[in-house]
$ cat upload.cif   # mmCIF, C-alpha atoms
data_target
loop_
_atom_site.group_PDB
_atom_site.id
_atom_site.type_symbol
_atom_site.label_atom_id
_atom_site.label_comp_id
_atom_site.auth_asym_id
_atom_site.auth_seq_id
_atom_site.Cartn_x
_atom_site.Cartn_y
_atom_site.Cartn_z
ATOM 1 C CA MET A 153 104.474 134.555 58.619
ATOM 2 C CA LYS A 154 107.935 133.009 58.903
ATOM 3 C CA ILE A 155 110.817 135.480 58.868
ATOM 4 C CA ASN A 156 113.884 134.881 56.756
ATOM 5 C CA TRP A 157 116.330 137.269 58.395
ATOM 6 C CA LYS A 158 117.966 138.668 55.296
ATOM 7 C CA GLY A 159 117.600 141.483 52.796
ATOM 8 C CA VAL A 160 116.498 145.048 53.377
ATOM 9 C CA MET A 161 114.189 145.741 56.308
ATOM 10 C CA PRO A 162 113.187 149.389 56.633
ATOM 11 C CA ALA A 163 112.965 150.882 60.093
ATOM 12 C CA VAL A 164 110.032 152.985 58.990
ATOM 13 C CA THR A 165 109.055 156.413 60.272
ATOM 14 C CA THR A 166 105.708 157.048 61.910
ATOM 15 C CA LYS A 167 103.577 159.526 60.004
ATOM 16 C CA PHE A 168 101.668 162.221 61.909
ATOM 17 C CA THR A 169 98.968 164.630 60.804
ATOM 18 C CA ASN A 170 99.155 168.386 61.437
ATOM 19 C CA ASN A 171 97.030 167.659 64.524
ATOM 20 C CA ASP A 172 99.568 165.143 65.879
ATOM 21 C CA LYS A 173 97.467 162.049 65.184
ATOM 22 C CA LEU A 174 98.621 158.982 63.295
ATOM 23 C CA ASP A 175 98.579 159.778 59.571
ATOM 24 C CA LEU A 176 97.586 156.343 58.312
ATOM 25 C CA GLU A 177 96.937 157.630 54.797
ATOM 26 C CA MET A 178 100.517 158.774 54.211
ATOM 27 C CA PHE A 179 101.817 155.833 56.220
ATOM 28 C CA THR A 180 100.077 153.535 53.733
ATOM 29 C CA VAL A 181 101.666 155.369 50.796
ATOM 30 C CA ASN A 182 105.116 154.799 52.265
ATOM 31 C CA ILE A 183 104.627 151.154 53.205
ATOM 32 C CA LYS A 184 103.338 150.365 49.720
ATOM 33 C CA ALA A 185 106.397 152.074 48.215
ATOM 34 C CA GLN A 186 108.648 149.896 50.381
ATOM 35 C CA VAL A 187 106.904 146.682 49.391
ATOM 36 C CA ASN A 188 106.850 147.639 45.707
ATOM 37 C CA ALA A 189 110.606 148.250 45.813
ATOM 38 C CA GLY A 190 111.189 144.703 47.066
ATOM 39 C CA VAL A 191 111.989 145.073 50.762
ATOM 40 C CA HIS A 192 112.085 141.901 52.832
ATOM 41 C CA GLY A 193 110.247 143.074 55.958
ATOM 42 C CA ILE A 194 108.883 146.133 57.749
ATOM 43 C CA ILE A 195 110.150 147.182 61.187
ATOM 44 C CA LEU A 196 107.899 149.416 63.267
ATOM 45 C CA GLY A 197 108.504 151.408 66.415
ATOM 46 C CA GLY A 198 112.242 151.932 66.295
ATOM 47 C CA THR A 199 114.111 155.168 66.893
ATOM 48 C CA LEU A 200 113.085 156.366 63.450
ATOM 49 C CA GLY A 201 109.520 155.437 64.307
ATOM 50 C CA GLU A 202 109.624 157.827 67.297
ATOM 51 C CA ALA A 203 108.651 154.903 69.515
ATOM 52 C CA SER A 204 109.348 156.744 72.756
ATOM 53 C CA THR A 205 106.543 159.192 71.920
ATOM 54 C CA LEU A 206 103.954 156.609 70.869
ATOM 55 C CA THR A 207 101.229 155.290 73.117
ATOM 56 C CA ASN A 208 100.699 151.552 73.426
ATOM 57 C CA ASP A 209 97.433 151.901 71.524
ATOM 58 C CA GLU A 210 99.211 153.721 68.693
ATOM 59 C CA LYS A 211 101.844 150.981 68.455
ATOM 60 C CA ARG A 212 99.131 148.351 68.290
ATOM 61 C CA THR A 213 97.293 150.315 65.612
ATOM 62 C CA LEU A 214 100.471 150.544 63.535
ATOM 63 C CA ILE A 215 101.007 146.789 63.717
ATOM 64 C CA ARG A 216 97.437 145.988 62.698
ATOM 65 C CA GLU A 217 97.392 148.517 59.876
ATOM 66 C CA THR A 218 100.773 147.412 58.522
ATOM 67 C CA VAL A 219 99.704 143.768 58.532
ATOM 68 C CA LYS A 220 96.684 144.786 56.427
ATOM 69 C CA ILE A 221 98.737 146.907 54.037
ATOM 70 C CA VAL A 222 101.443 144.311 53.309
ATOM 71 C CA ASN A 223 98.803 141.591 52.990
ATOM 72 C CA GLY A 224 101.186 138.713 53.603
ATOM 73 C CA LYS A 225 103.870 139.885 51.166
ATOM 74 C CA VAL A 226 106.492 140.601 53.851
ATOM 75 C CA PRO A 227 106.728 140.049 57.610
ATOM 76 C CA VAL A 228 105.914 142.842 60.056
ATOM 77 C CA ILE A 229 108.285 143.289 62.994
ATOM 78 C CA ILE A 230 107.754 145.539 66.018
ATOM 79 C CA ASN A 231 110.563 146.962 68.102
ATOM 80 C CA ILE A 232 110.408 146.475 71.880
ATOM 81 C CA ALA A 233 112.150 149.168 73.894
ATOM 82 C CA GLU A 234 110.715 149.069 77.402
ATOM 83 C CA GLN A 235 111.855 150.065 80.863
ATOM 84 C CA SER A 236 110.694 146.914 82.643
ATOM 85 C CA THR A 237 110.666 143.201 81.909
ATOM 86 C CA VAL A 238 106.944 143.029 82.634
ATOM 87 C CA ALA A 239 106.207 145.765 80.094
ATOM 88 C CA ALA A 240 108.402 144.086 77.491
ATOM 89 C CA LYS A 241 106.634 140.761 77.942
ATOM 90 C CA LEU A 242 103.266 142.487 77.596
ATOM 91 C CA ALA A 243 104.439 144.223 74.427
ATOM 92 C CA ALA A 244 105.494 140.854 72.993
ATOM 93 C CA LYS A 245 102.070 139.404 73.863
ATOM 94 C CA HIS A 246 100.277 142.295 72.166
ATOM 95 C CA ALA A 247 102.524 142.004 69.113
ATOM 96 C CA LYS A 248 101.490 138.385 68.630
ATOM 97 C CA GLU A 249 97.812 139.225 69.107
ATOM 98 C CA ASP A 250 98.012 142.057 66.570
ATOM 99 C CA GLY A 251 99.591 139.947 63.847
ATOM 100 C CA ALA A 252 103.297 140.798 64.033
ATOM 101 C CA SER A 253 105.615 138.124 62.670
ATOM 102 C CA GLY A 254 108.581 138.960 64.880
ATOM 103 C CA LEU A 255 110.255 141.266 67.360
ATOM 104 C CA MET A 256 113.301 143.485 67.446
ATOM 105 C CA MET A 257 114.502 143.992 71.011
ATOM 106 C CA LEU A 258 116.668 146.569 72.700
ATOM 107 C CA PRO A 259 118.201 146.016 76.134
ATOM 108 C CA PRO A 260 116.337 147.608 79.054
ATOM 109 C CA MET A 261 115.832 151.327 78.541
ATOM 110 C CA ARG A 262 116.947 154.096 80.953
ATOM 111 C CA TYR A 263 118.532 151.733 83.488
ATOM 112 C CA LYS A 264 122.013 150.704 82.350
ATOM 113 C CA ALA A 265 121.819 146.992 83.062
ATOM 114 C CA ASP A 266 124.955 144.894 83.494
ATOM 115 C CA GLY A 267 125.582 141.732 81.505
ATOM 116 C CA ARG A 268 123.712 139.374 83.848
ATOM 117 C CA GLU A 269 120.707 141.669 84.008
ATOM 118 C CA THR A 270 120.632 142.181 80.249
ATOM 119 C CA VAL A 271 120.790 138.467 79.511
ATOM 120 C CA THR A 272 118.070 137.732 82.081
ATOM 121 C CA TYR A 273 115.857 140.426 80.550
ATOM 122 C CA PHE A 274 116.226 139.004 77.039
ATOM 123 C CA LYS A 275 115.699 135.431 78.255
ATOM 124 C CA LYS A 276 112.502 136.195 80.131
ATOM 125 C CA VAL A 277 110.966 138.076 77.235
ATOM 126 C CA ALA A 278 112.089 135.507 74.639
ATOM 127 C CA ASN A 279 110.742 132.634 76.726
ATOM 128 C CA SER A 280 107.374 134.389 77.072
ATOM 129 C CA THR A 281 106.667 134.268 73.326
ATOM 130 C CA ASP A 282 107.148 132.062 70.300
ATOM 131 C CA LEU A 283 107.781 135.023 68.001
ATOM 132 C CA PRO A 284 111.269 135.104 66.448
ATOM 133 C CA ILE A 285 113.543 137.832 67.829
ATOM 134 C CA MET A 286 116.311 140.037 66.492
ATOM 135 C CA ILE A 287 118.484 141.575 69.225
ATOM 136 C CA TYR A 288 119.406 145.202 68.558
ATOM 137 C CA ASN A 289 123.032 145.560 69.626
ATOM 138 C CA ASN A 290 123.857 149.276 69.694
ATOM 139 C CA PRO A 291 126.254 150.114 72.550
ATOM 140 C CA VAL A 292 127.185 153.442 70.926
ATOM 141 C CA ASP A 293 123.709 154.926 71.312
ATOM 142 C CA TYR A 294 122.250 152.874 74.165
ATOM 143 C CA GLY A 295 125.253 152.170 76.379
ATOM 144 C CA ILE A 296 124.861 148.391 76.688
ATOM 145 C CA GLU A 297 126.804 145.929 74.548
ATOM 146 C CA VAL A 298 125.583 142.414 73.986
ATOM 147 C CA THR A 299 128.881 140.550 73.872
ATOM 148 C CA LEU A 300 129.576 137.262 72.097
ATOM 149 C CA ASP A 301 129.573 135.436 75.429
ATOM 150 C CA MET A 302 126.165 136.917 76.211
ATOM 151 C CA PHE A 303 124.878 135.822 72.815
ATOM 152 C CA ASP A 304 126.277 132.335 73.460
ATOM 153 C CA GLU A 305 124.152 132.017 76.580
ATOM 154 C CA LEU A 306 121.073 133.466 74.879
ATOM 155 C CA LEU A 307 121.299 131.251 71.801
ATOM 156 C CA ASN A 308 121.708 128.124 73.915
ATOM 157 C CA GLU A 309 118.569 128.828 75.927
ATOM 158 C CA CYS A 310 116.333 130.824 73.566
ATOM 159 C CA PRO A 311 115.843 129.155 70.177
ATOM 160 C CA ASN A 312 113.624 132.003 68.987
ATOM 161 C CA ILE A 313 116.501 134.513 69.221
ATOM 162 C CA GLU A 314 117.546 134.250 65.598
ATOM 163 C CA ALA A 315 119.222 137.485 64.498
ATOM 164 C CA VAL A 316 121.185 140.539 65.542
ATOM 165 C CA LYS A 317 120.911 144.097 64.304
ATOM 166 C CA GLU A 318 124.640 144.771 64.373
ATOM 167 C CA SER A 319 125.285 148.426 65.227
ATOM 168 C CA THR A 320 128.536 148.320 67.183
ATOM 169 C CA ARG A 321 130.226 150.274 64.317
ATOM 170 C CA ASP A 322 132.964 147.602 64.354
ATOM 171 C CA ILE A 323 132.731 145.767 61.038
ATOM 172 C CA SER A 324 135.149 143.084 62.236
ATOM 173 C CA ASN A 325 132.458 142.053 64.711
ATOM 174 C CA ILE A 326 130.579 140.499 61.791
ATOM 175 C CA SER A 327 133.438 138.043 61.263
ATOM 176 C CA ARG A 328 133.640 137.372 64.997
ATOM 177 C CA ILE A 329 129.936 136.488 65.054
ATOM 178 C CA LYS A 330 130.280 134.274 61.979
ATOM 179 C CA ASN A 331 133.332 132.534 63.443
ATOM 180 C CA ARG A 332 131.571 131.899 66.744
ATOM 181 C CA PHE A 333 128.024 131.052 65.655
ATOM 182 C CA GLY A 334 128.112 130.234 61.947
ATOM 183 C CA ASP A 335 124.601 130.515 60.521
ATOM 184 C CA ARG A 336 122.898 130.187 63.916
ATOM 185 C CA LEU A 337 122.680 133.971 64.239
ATOM 186 C CA ALA A 338 121.687 136.036 61.212
ATOM 187 C CA ILE A 339 123.372 139.430 60.980
ATOM 188 C CA LEU A 340 121.704 142.585 59.682
ATOM 189 C CA CYS A 341 123.718 145.794 59.553
ATOM 190 C CA GLY A 342 122.042 148.604 61.486
ATOM 191 C CA VAL A 343 124.290 151.471 60.371
ATOM 192 C CA ASP A 344 123.441 152.974 56.977
ATOM 193 C CA THR A 345 126.961 154.222 56.300
ATOM 194 C CA LEU A 346 128.480 150.768 56.863
ATOM 195 C CA ALA A 347 125.859 148.693 55.098
ATOM 196 C CA LEU A 348 127.531 147.742 51.839
ATOM 197 C CA GLU A 349 130.846 147.018 53.540
ATOM 198 C CA SER A 350 129.019 144.856 56.086
ATOM 199 C CA MET A 351 127.153 142.860 53.462
ATOM 200 C CA LEU A 352 130.289 142.278 51.419
ATOM 201 C CA ILE A 353 131.989 140.789 54.477
ATOM 202 C CA GLY A 354 129.080 138.525 55.320
ATOM 203 C CA ALA A 355 126.110 140.365 56.815
ATOM 204 C CA ASP A 356 122.814 138.838 55.730
ATOM 205 C CA GLY A 357 120.953 142.104 55.347
ATOM 206 C CA TRP A 358 120.391 145.715 56.239
ATOM 207 C CA VAL A 359 118.026 147.360 58.721
ATOM 208 C CA ALA A 360 117.934 150.636 56.848
ATOM 209 C CA GLY A 361 116.971 154.253 57.520
ATOM 210 C CA LEU A 362 117.207 156.257 54.290
ATOM 211 C CA VAL A 363 115.264 153.459 52.653
ATOM 212 C CA CYS A 364 112.247 155.310 54.047
ATOM 213 C CA ALA A 365 112.762 157.889 51.286
ATOM 214 C CA PHE A 366 114.760 155.846 48.757
ATOM 215 C CA PRO A 367 113.478 152.257 48.852
ATOM 216 C CA ALA A 368 114.482 151.199 45.331
ATOM 217 C CA GLU A 369 118.066 152.437 45.625
ATOM 218 C CA THR A 370 118.496 150.683 48.973
ATOM 219 C CA VAL A 371 117.168 147.349 47.768
ATOM 220 C CA ALA A 372 119.218 147.634 44.567
ATOM 221 C CA ILE A 373 122.448 147.913 46.566
ATOM 222 C CA TYR A 374 121.588 144.774 48.535
ATOM 223 C CA ALA A 375 120.499 142.802 45.480
ATOM 224 C CA LEU A 376 123.555 143.704 43.417
ATOM 225 C CA ALA A 377 125.962 143.012 46.264
ATOM 226 C CA LYS A 378 124.504 139.592 46.935
ATOM 227 C CA VAL A 379 124.896 138.401 43.332
ATOM 228 C CA GLY A 380 128.459 139.630 43.057
ATOM 229 C CA LYS A 381 127.785 142.763 41.026
ATOM 230 C CA THR A 382 129.943 144.654 43.477
ATOM 231 C CA GLN A 383 131.049 147.543 41.268
ATOM 232 C CA GLU A 384 127.458 148.357 40.321
ATOM 233 C CA ALA A 385 126.498 148.299 43.988
ATOM 234 C CA ILE A 386 129.453 150.544 44.888
ATOM 235 C CA GLU A 387 128.475 153.147 42.301
ATOM 236 C CA ILE A 388 124.969 153.480 43.740
ATOM 237 C CA TYR A 389 126.304 153.399 47.303
ATOM 238 C CA ARG A 390 128.791 156.213 46.666
ATOM 239 C CA TRP A 391 126.008 158.354 45.254
ATOM 240 C CA PHE A 392 123.903 157.452 48.290
ATOM 241 C CA LEU A 393 126.520 158.112 50.989
ATOM 242 C CA PRO A 394 125.857 161.851 51.611
ATOM 243 C CA LEU A 395 122.198 160.973 52.089
ATOM 244 C CA LEU A 396 123.008 157.965 54.270
ATOM 245 C CA GLU A 397 125.027 160.244 56.554
ATOM 246 C CA LEU A 398 121.766 161.996 57.449
ATOM 247 C CA ASP A 399 120.977 158.849 59.449
ATOM 248 C CA ILE A 400 124.096 159.143 61.637
ATOM 249 C CA ASN A 401 122.838 162.215 63.446
ATOM 250 C CA THR A 402 120.753 163.030 66.501
ATOM 251 C CA LYS A 403 118.208 164.645 64.175
ATOM 252 C CA LEU A 404 117.925 161.555 61.992
ATOM 253 C CA VAL A 405 114.128 161.512 62.283
ATOM 254 C CA GLN A 406 113.743 165.087 61.058
ATOM 255 C CA ASN A 407 116.391 164.546 58.378
ATOM 256 C CA ILE A 408 114.816 161.431 56.939
ATOM 257 C CA LYS A 409 111.318 162.839 57.072
ATOM 258 C CA LEU A 410 112.497 165.781 54.957
ATOM 259 C CA ALA A 411 113.896 163.269 52.474
ATOM 260 C CA GLU A 412 110.543 161.451 52.429
ATOM 261 C CA VAL A 413 108.830 164.726 51.576
ATOM 262 C CA ALA A 414 111.278 165.274 48.716
ATOM 263 C CA THR A 415 110.531 161.862 47.230
ATOM 264 C CA GLY A 416 106.776 162.195 47.736
ATOM 265 C CA ILE A 417 106.235 159.405 50.260
ATOM 266 C CA GLY A 418 106.113 161.217 53.597
ATOM 267 C CA THR A 419 105.551 164.385 55.579
ATOM 268 C CA ALA A 420 107.853 166.444 57.773
ATOM 269 C CA ASN A 421 105.632 166.245 60.849
ATOM 270 C CA VAL A 422 107.393 165.044 63.986
ATOM 271 C CA ARG A 423 106.084 164.617 67.522
ATOM 272 C CA GLU A 424 107.337 166.855 70.299
ATOM 273 C CA PRO A 425 109.733 167.163 71.980
ATOM 274 C CA ARG A 426 111.199 166.835 68.480
ATOM 275 C CA LEU A 427 110.683 169.932 66.388
ATOM 276 C CA PRO A 428 111.021 170.420 62.619
ATOM 277 C CA LEU A 429 114.407 171.614 61.420
ATOM 278 C CA VAL A 430 114.859 175.362 60.922
ATOM 279 C CA GLY A 431 117.503 177.811 59.747
ATOM 280 C CA LYS A 432 120.940 176.683 58.615
ATOM 281 C CA GLU A 433 120.353 173.161 59.893
ATOM 282 C CA ARG A 434 117.333 172.732 57.633
ATOM 283 C CA GLU A 435 119.126 174.443 54.759
ATOM 284 C CA HIS A 436 122.061 172.022 55.005
ATOM 285 C CA VAL A 437 119.853 168.925 55.048
ATOM 286 C CA THR A 438 117.721 170.258 52.209
ATOM 287 C CA ASN A 439 120.818 170.905 50.097
ATOM 288 C CA VAL A 440 122.071 167.359 50.639
ATOM 289 C CA ILE A 441 118.691 166.002 49.545
ATOM 290 C CA ILE A 442 118.471 168.281 46.495
ATOM 291 C CA LYS A 443 121.965 167.322 45.329
ATOM 292 C CA GLY A 444 121.088 163.678 45.738
ATOM 293 C CA LEU A 445 117.900 164.022 43.719
ATOM 294 C CA GLN A 446 119.675 165.936 40.972
ATOM 295 C CA SER A 447 122.213 163.139 40.509
ATOM 296 C CA ARG A 448 119.893 160.227 41.277
ATOM 297 C CA PRO A 449 121.169 157.194 39.359
ATOM 298 C CA ASN A 450 119.281 155.104 36.854
ATOM 299 C CA LEU A 451 118.918 151.702 38.445
ATOM 300 C CA PRO A 452 119.462 148.378 36.699
ATOM 301 C CA ASP A 453 116.763 145.728 36.819
ATOM 302 C CA TYR A 454 117.764 144.679 40.316
ATOM 303 C CA LYS A 455 114.530 142.846 41.080
ATOM 304 C CA GLN A 456 115.620 139.929 38.909
ATOM 305 C CA TYR A 457 118.212 139.164 41.583
ATOM 306 C CA LEU A 458 115.773 139.123 44.505
ATOM 307 C CA ASP A 459 114.493 135.858 45.909
#

$ encode --input "upload.cif" --output "structure tokens"
Amino acid sequence: MKINWKGVMPAVTTKFTNNDKLDLEMFTVNIKAQVNAGVHGIILGGTLGEASTLTNDEKRTLIRETVKIVNGKVPVIINIAEQSTVAAKLAAKHAKEDGASGLMMLPPMRYKADGRETVTYFKKVANSTDLPIMIYNNPVDYGIEVTLDMFDELLNECPNIEAVKESTRDISNISRIKNRFGDRLAILCGVDTLALESMLIGADGWVAGLVCAFPAETVAIYALAKVGKTQEAIEIYRWFLPLLELDINTKLVQNIKLAEVATGIGTANVREPRLPLVGKEREHVTNVIIKGLQSRPNLPDYKQYLD
């Protein structure tokens, strides 16, 4: 399935049973809620998906099951976050075999590669597959920045590198990318608390986190912003902001899973070494979620603006 790199693409959580197995039943409930809300793609195996704790077999199962659930309505994208080039190439091969439509790629994990090493890593993986690729550029959390010069080299040699998940936290970087590459590189904001601002300045979409619990509100903001109904989008976004801030936190997985429980489309189960929130930390997050639910806005008919 061809990917149009725009719109809202949830970085979905991985659901676990009380016995720490994949909870495909609740996972299905959530994916269907995302699709029904009008999302433009599903991204598996990111940070929110607890990818570092998943086995290769579990990742492959998630791809296959998601492809079945969405049934051709939206593309399925798998994140690649590997320690070696060989492992990343194998993951890309498996993704294609299992029905994924595209890849999101982080730089090499653990080892802090320099620019030459990072570019070589991306090139070798990109040239090993025909799947389209979105580079995840998050120097704040992962310590490696993919600069514009690095993108220049990658785009010249790897036609299937088509998009960037822009998470530098520098909104002006969106204009730099547009000035340098025009429409050659699609831009999706990867920071929930900067999403509306990013889209208003030219980002093509939003790789979202709190969408896992609030899919309709997330898609509504995108849809309204893209048709120029800015004030309506701002009103929903301002309501949403305290919830979105739960994503900018080291406990984002636990936070968002609690929000999924509150909206009836998830469970709080996480995989160790993560542990469920307790005490004042849990109380704070729960209060943010409760306040958000109590003032949850009535949404306009945003789906009429989706294409």

$ resolve_selection --input "upload.cif" --expression "the PyMOL selection byres ((chain A and resi 367) around 12)" --output "PyMOL selection string"
chain A and resi 160-164+182-192+194+359-366+368-374+392+411-412+415+417+451

$ atom_distance --input "upload.cif" --atom1 "atom CA of A:Val292" --atom2 "atom CA of A:Glu349"
18.9 Å

$ resolve_selection --input "upload.cif" --expression "the PyMOL selection byres ((chain A and resi 155) around 9)" --output "list of chain:residue names"
A:Met153, A:Lys154, A:Asn156, A:Trp157, A:Lys158, A:His192, A:Gly193, A:Val226, A:Pro227, A:Val228, A:Ser253, A:Gly254, A:Pro284

$ atom_distance --input "upload.cif" --atom1 "atom CA of A:Cys341" --atom2 "atom CA of A:Gly357"
6.2 Å

$ resolve_selection --input "upload.cif" --expression "the PyMOL selection byres ((chain A and resi 168-176) around 12)" --output "PyMOL selection string"
chain A and resi 165-167+177-184+201-202+205-207+209-218+220-221+409+418-424

$ atom_distance --input "upload.cif" --atom1 "atom CA of A:Lys264" --atom2 "atom CA of A:Ala247"
25.1 Å
